[in-house]
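Undergrad: What follows is a single structure, and I will ask about it in a moment.
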Amino acid sequence: PVCLALDKDNNLYVSDWENDRIQKFSSNGRLLKVIPDGEGEDALKLDGPVGLALDSNGNIIVVEQFNNRIHKISPEGKSLQMTGKEGNGPGEFLNPRGIAIDKDDNIYIVDTGNSRIQIFSLTFEYIKQFGKEGMGDGEFYYPRGIAFDKEGNMYVADTFHDQVQVFSKEGIFLRKFGESGSEFGQFNGTRYIAFDSKDDIYITDYKNGKVVKYDKDDNFELEFGNKSNIINLSYPEGIVIDDRDYIYVADAGNNRIV
């Protein structure tokens with residue numbers, strides 16, 4: 001499993017990357033639905049589903065890494081709309097990963113291979129982009145996850161720089177935090193991001209096998225997942241937090257959700 005999303009009933013959606021499908025579970029772990037759920041020429045097909053988000057209508061927006069596109073799917077599992085192809089022009093992608101939807105239903109896609117963020121309307125019309133490959137502020141190297149805090153600021157997991165960069169929703173760079181290493185609060189592959197009810201931030205650290213928590217002022221608070229006496233994560237990817245502040249992590253190396 002790679003990415004996770006929650007609906008308003010706390011049902012959990014999981015992008016099952018290797019099996020090219022999305023699985024939907026109840027909050028207590030009961031399997032409710034698999035997309036696609038059939039074979040044949042008319043069946044919906046996915047190739048490398050990664051980032052997941054739900055729009056205000058309950059439709060699933062999934063990022064397809066290997067098809068280099070975004071795909072809108074109804075709650076019943078029917079294909080509604082898709083856009084994108086391989087490339088580096090507006091509306092084109094190269095191994096895209098993360099997705100987030102803002103309060104206005106605009107869709108933000110982490111175009112990982114092109115080291116940029118692209119923004120689309122709810123109907124998949126291209127709006128704008130920002131970012132490029134580089135070492136400076138507002139520049140990325142293979143970014144993955146993206147999430148919004150309550151104020152609408154955008155947090156991007158700048159994966160190969162082992163940091164998180166923070167932007168206004170218009171894409172203006174505000175600040176960054178995080179450093180490389182294996183000590184407390186350090187990263188080796190920042191992956192995906194989620195916020196709790198206090199706007200504290202949780203980041204999955206892929207190679208260190210942990211989740212790192214910072215407060216809303218970017219101060220390190222705690223980490224978990226790399227201590228075998230409690231829970232041992234292996235290559236954690238997606239993360240979501242429900243309205244009870246329960247944390248769900250895609251524990252990819254162990255093929256499970258914890």
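For the structure tokens, the naming scheme is as follows: chains receive sequential letters (A, B, ...) according to their order of presentation, residues are indexed from 1 within each chain, and ligands are indexed from 1 in presentation order.
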Show me, as a ChimeraX atom specification, the residues that have an atom within 9 Å of Asn88 (chain A) when counting only C-alpha atoms, minus same-chain residues fewer than 6 positions from it.
TA: /A:94,113-114
Undergrad: Since we have the selection now, will you write its residues out, keeping C-alpha atoms, as an mmCIF file, in the first residue's frame?
TA:
data_model
loop_
_atom_site.group_PDB
_atom_site.id
_atom_site.type_symbol
_atom_site.label_atom_id
_atom_site.label_comp_id
_atom_site.auth_asym_id
_atom_site.auth_seq_id
_atom_site.Cartn_x
_atom_site.Cartn_y
_atom_site.Cartn_z
ATOM 1 C CA LEU A 94 6.386 12.362 -14.984
ATOM 2 C CA GLY A 113 9.633 13.456 -11.773
ATOM 3 C CA ASN A 114 9.323 17.088 -12.848
#
Undergrad: With 7 Å as the cut-off and only C-alpha atoms counted, what is the closest atom pair between each nearby residue of region 112-163 of chain A and region 170-189 of chain A? Distances in Å to one decimal, ordered by chain and number, as CSV.
TA:
residue,atom,partner,partner_atom,distance
A:Phe130,CA,A:Gly171,CA,6.4
A:Asp137,CA,A:Phe173,CA,6.8
A:Gly138,CA,A:Phe173,CA,5.6
A:Thr159,CA,A:Gly189,CA,4.9
A:Phe160,CA,A:Gly189,CA,5.9
A:Asp162,CA,A:Gly189,CA,5.3
A:Gln163,CA,A:Gly178,CA,4.3
Undergrad: Write out the residues from the selection above, keeping N, CA and C atoms, as a PDB file, in the first residue's frame.
TA:
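Output contents, as saved in out17.pdb:
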ATOM      1  N   PHE A 130       4.062  25.509  -9.942  1.00  0.00           N
ATOM      2  CA  PHE A 130       5.220  26.171  -9.340  1.00  0.00           C
ATOM      3  C   PHE A 130       6.224  25.107  -8.923  1.00  0.00           C
ATOM      4  N   ASP A 137      15.192  27.608  -2.054  1.00  0.00           N
ATOM      5  CA  ASP A 137      13.858  27.693  -1.487  1.00  0.00           C
ATOM      6  C   ASP A 137      12.825  27.579  -2.608  1.00  0.00           C
ATOM      7  N   GLY A 138      11.813  26.748  -2.399  1.00  0.00           N
ATOM      8  CA  GLY A 138      10.791  26.571  -3.420  1.00  0.00           C
ATOM      9  C   GLY A 138      11.213  25.671  -4.565  1.00  0.00           C
ATOM     10  N   THR A 159      11.305  15.044  -0.813  1.00  0.00           N
ATOM     11  CA  THR A 159      11.780  13.733  -0.358  1.00  0.00           C
ATOM     12  C   THR A 159      13.297  13.592  -0.373  1.00  0.00           C
ATOM     13  N   PHE A 160      13.939  13.853  -1.495  1.00  0.00           N
ATOM     14  CA  PHE A 160      15.380  13.597  -1.564  1.00  0.00           C
ATOM     15  C   PHE A 160      16.206  14.696  -0.905  1.00  0.00           C
ATOM     16  N   ASP A 162      15.216  15.554   2.154  1.00  0.00           N
ATOM     17  CA  ASP A 162      14.952  15.199   3.563  1.00  0.00           C
ATOM     18  C   ASP A 162      14.394  16.373   4.357  1.00  0.00           C
ATOM     19  N   GLN A 163      13.434  17.083   3.747  1.00  0.00           N
ATOM     20  CA  GLN A 163      12.861  18.240   4.419  1.00  0.00           C
ATOM     21  C   GLN A 163      11.402  18.410   3.997  1.00  0.00           C
TER      22      GLN A 163
END
Undergrad: Neighbouring residues of Asp37 (chain A) were defined as those with any atom within 12 Å, considering only C-alpha atoms; residues of the same chain fewer than 2 positions away were excluded. Please report them as number ranges by chain.
TA: A: 20-24, 32-35, 39-40, 42-46, 76-78
Undergrad: So, with only C-alpha atoms as the atoms that count, which of A:Val211, A:Leu122, A:Leu6, A:Ile231 lies closest to Leu52 (chain A)?
TA: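 Closest to Leu52 (chain A) of all the choices is A:Leu6.
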Undergrad: Applying 7 Å and only C-alpha atoms, which residues near Tyr108 (chain A) remain after dropping the ones on its own chain fewer than 3 positions away? List them as a list of chain:residue names.
TA: A:Ile99, A:Ala100, A:Ile101, A:Ile117, A:Gln118, A:Ile119, A:Phe120
Undergrad: Write a file of the selected residues as a tab-separated table (two decimals), in the first residue's frame, keeping all heavy atoms.
TA:
chain	number	residue	atom	x	y	z
A	99	ILE	N	-1.23	14.05	-3.78
A	99	ILE	CA	-2.40	14.86	-4.15
A	99	ILE	C	-2.99	15.47	-2.89
A	99	ILE	O	-2.99	14.85	-1.81
A	99	ILE	CB	-3.45	14.02	-4.89
A	99	ILE	CG1	-4.67	14.87	-5.31
A	99	ILE	CG2	-3.89	12.82	-4.07
A	99	ILE	CD1	-5.66	14.12	-6.19
A	100	ALA	N	-3.51	16.68	-3.02
A	100	ALA	CA	-4.30	17.30	-1.95
A	100	ALA	C	-5.35	18.19	-2.60
A	100	ALA	O	-5.15	18.69	-3.71
A	100	ALA	CB	-3.41	18.12	-1.01
A	101	ILE	N	-6.47	18.36	-1.92
A	101	ILE	CA	-7.56	19.20	-2.42
A	101	ILE	C	-7.81	20.30	-1.39
A	101	ILE	O	-7.94	20.01	-0.20
A	101	ILE	CB	-8.84	18.37	-2.67
A	101	ILE	CG1	-8.56	17.29	-3.72
A	101	ILE	CG2	-9.99	19.27	-3.11
A	101	ILE	CD1	-9.76	16.40	-4.03
A	117	ILE	N	4.76	21.31	-8.47
A	117	ILE	CA	3.36	21.14	-8.08
A	117	ILE	C	2.50	21.72	-9.19
A	117	ILE	O	2.75	22.84	-9.64
A	117	ILE	CB	3.04	21.87	-6.76
A	117	ILE	CG1	4.08	21.54	-5.68
A	117	ILE	CG2	1.63	21.55	-6.30
A	117	ILE	CD1	4.15	20.12	-5.25
A	118	GLN	N	1.49	20.96	-9.63
A	118	GLN	CA	0.55	21.47	-10.62
A	118	GLN	C	-0.83	21.58	-9.96
A	118	GLN	O	-1.22	20.74	-9.16
A	118	GLN	CB	0.47	20.56	-11.84
A	118	GLN	CG	1.77	20.47	-12.62
A	118	GLN	CD	1.54	19.98	-14.04
A	118	GLN	OE1	0.85	20.62	-14.82
A	118	GLN	NE2	2.12	18.83	-14.36
A	119	ILE	N	-1.55	22.63	-10.33
A	119	ILE	CA	-2.86	22.91	-9.73
A	119	ILE	C	-3.93	22.84	-10.81
A	119	ILE	O	-3.77	23.41	-11.91
A	119	ILE	CB	-2.87	24.30	-9.06
A	119	ILE	CG1	-1.68	24.43	-8.09
A	119	ILE	CG2	-4.19	24.53	-8.31
A	119	ILE	CD1	-1.48	25.82	-7.54
A	120	PHE	N	-5.04	22.15	-10.49
A	120	PHE	CA	-6.15	21.97	-11.42
A	120	PHE	C	-7.45	22.33	-10.72
A	120	PHE	O	-7.57	22.25	-9.49
A	120	PHE	CB	-6.24	20.50	-11.89
A	120	PHE	CG	-5.03	20.04	-12.66
A	120	PHE	CD1	-3.90	19.60	-11.99
A	120	PHE	CD2	-5.02	20.04	-14.04
A	120	PHE	CE1	-2.77	19.18	-12.69
A	120	PHE	CE2	-3.91	19.61	-14.75
A	120	PHE	CZ	-2.79	19.18	-14.07
Undergrad: So that I can check the surroundings of Arg69 (chain A), please list as a ChimeraX atom specification every protein, DNA and RNA residue that reaches within 10 Å of it, counting only C-alpha atoms and ignoring chain neighbours fewer than 4 positions away.
TA: /A:47,49,62-65,82-86,91-96,109,111
Undergrad: Can you write just those residues out, N, CA and C atoms, as a short mmCIF file (atom, residue, chain, number, x, y, z; two decimals), in the first residue's frame?
TA:
data_model
loop_
_atom_site.label_atom_id
_atom_site.label_comp_id
_atom_site.auth_asym_id
_atom_site.auth_seq_id
_atom_site.Cartn_x
_atom_site.Cartn_y
_atom_site.Cartn_z
N ASP A 47 -3.11 1.99 -13.34
CA ASP A 47 -1.72 1.56 -13.49
C ASP A 47 -0.85 2.37 -12.53
N PRO A 49 -1.57 3.12 -9.03
CA PRO A 49 -2.29 4.13 -8.24
C PRO A 49 -1.50 4.51 -7.00
N VAL A 62 -7.60 9.83 -8.01
CA VAL A 62 -6.41 9.01 -7.83
C VAL A 62 -5.33 9.43 -8.83
N VAL A 63 -4.10 9.47 -8.35
CA VAL A 63 -2.95 9.74 -9.20
C VAL A 63 -2.42 8.40 -9.70
N GLU A 64 -2.33 8.25 -11.02
CA GLU A 64 -1.79 7.04 -11.61
C GLU A 64 -0.35 7.29 -12.05
N GLN A 65 0.57 6.73 -11.30
CA GLN A 65 1.99 7.00 -11.53
C GLN A 65 2.43 6.58 -12.93
N MET A 82 -10.53 11.80 -16.72
CA MET A 82 -9.09 11.68 -16.51
C MET A 82 -8.38 12.71 -17.36
N THR A 83 -7.18 13.07 -16.92
CA THR A 83 -6.37 14.00 -17.70
C THR A 83 -4.90 13.74 -17.42
N GLY A 84 -4.06 14.05 -18.40
CA GLY A 84 -2.63 13.93 -18.23
C GLY A 84 -2.01 12.92 -19.17
N LYS A 85 -0.74 13.15 -19.46
CA LYS A 85 0.08 12.21 -20.22
C LYS A 85 1.53 12.48 -19.84
N GLU A 86 2.43 11.62 -20.29
CA GLU A 86 3.84 11.80 -19.95
C GLU A 86 4.40 13.04 -20.63
N GLY A 91 -0.04 20.42 -17.46
CA GLY A 91 -0.99 19.31 -17.51
C GLY A 91 -0.38 17.98 -17.87
N GLU A 92 0.95 17.94 -18.03
CA GLU A 92 1.65 16.68 -18.29
C GLU A 92 2.44 16.29 -17.03
N PHE A 93 2.73 15.00 -16.91
CA PHE A 93 3.34 14.50 -15.67
C PHE A 93 4.49 13.55 -15.97
N LEU A 94 5.34 13.38 -14.95
CA LEU A 94 6.39 12.36 -14.98
C LEU A 94 6.43 11.70 -13.61
N ASN A 95 5.88 10.50 -13.53
CA ASN A 95 5.82 9.75 -12.27
C ASN A 95 5.20 10.58 -11.13
N PRO A 96 3.99 11.09 -11.31
CA PRO A 96 3.36 11.88 -10.24
C PRO A 96 3.02 11.00 -9.04
N ILE A 109 -1.37 18.54 -7.44
CA ILE A 109 -0.70 17.28 -7.77
C ILE A 109 0.81 17.46 -7.63
N ASP A 111 3.98 16.54 -8.98
CA ASP A 111 4.53 15.99 -10.23
C ASP A 111 5.99 15.64 -9.95
#
Undergrad: Just checking: using only C-alpha atoms, which residue out of A:Asn10, A:Gln165, A:Ser15, A:Asn255 ends up closest to Ser27 (chain A)?
TA: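 Of all the options, A:Asn10 lies closest to Ser27 (chain A).
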Undergrad: Please identify the strand (DSSP E) residues within region 10-236 of chain A (assignment by DSSP from backbone atoms) and present them as a PyMOL selection string.
TA: chain A and resi 12-16+21-25+31-35+49-54+60-64+69-73+79-83+99-101+107-111+116-120+126-130+146-148+154-158+163-167+173-177+190-195+201-205+210-214+220-224+226-227+231-232+236
Undergrad: What is the CA of Phe148 (chain A) to CA of Asp102 (chain A) distance in Å?
TA: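 Going from CA of Phe148 (chain A) over to CA of Asp102 (chain A) covers 7.1 Å.
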Undergrad: Counting only C-alpha atoms, figure out which residue out of A:Asn59, A:Arg97, A:Asp251, A:Val212 gets nearest to Ser79 (chain A).
TA: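 Looking at the shortest contact to Ser79 (chain A), the residue is A:Asn59.
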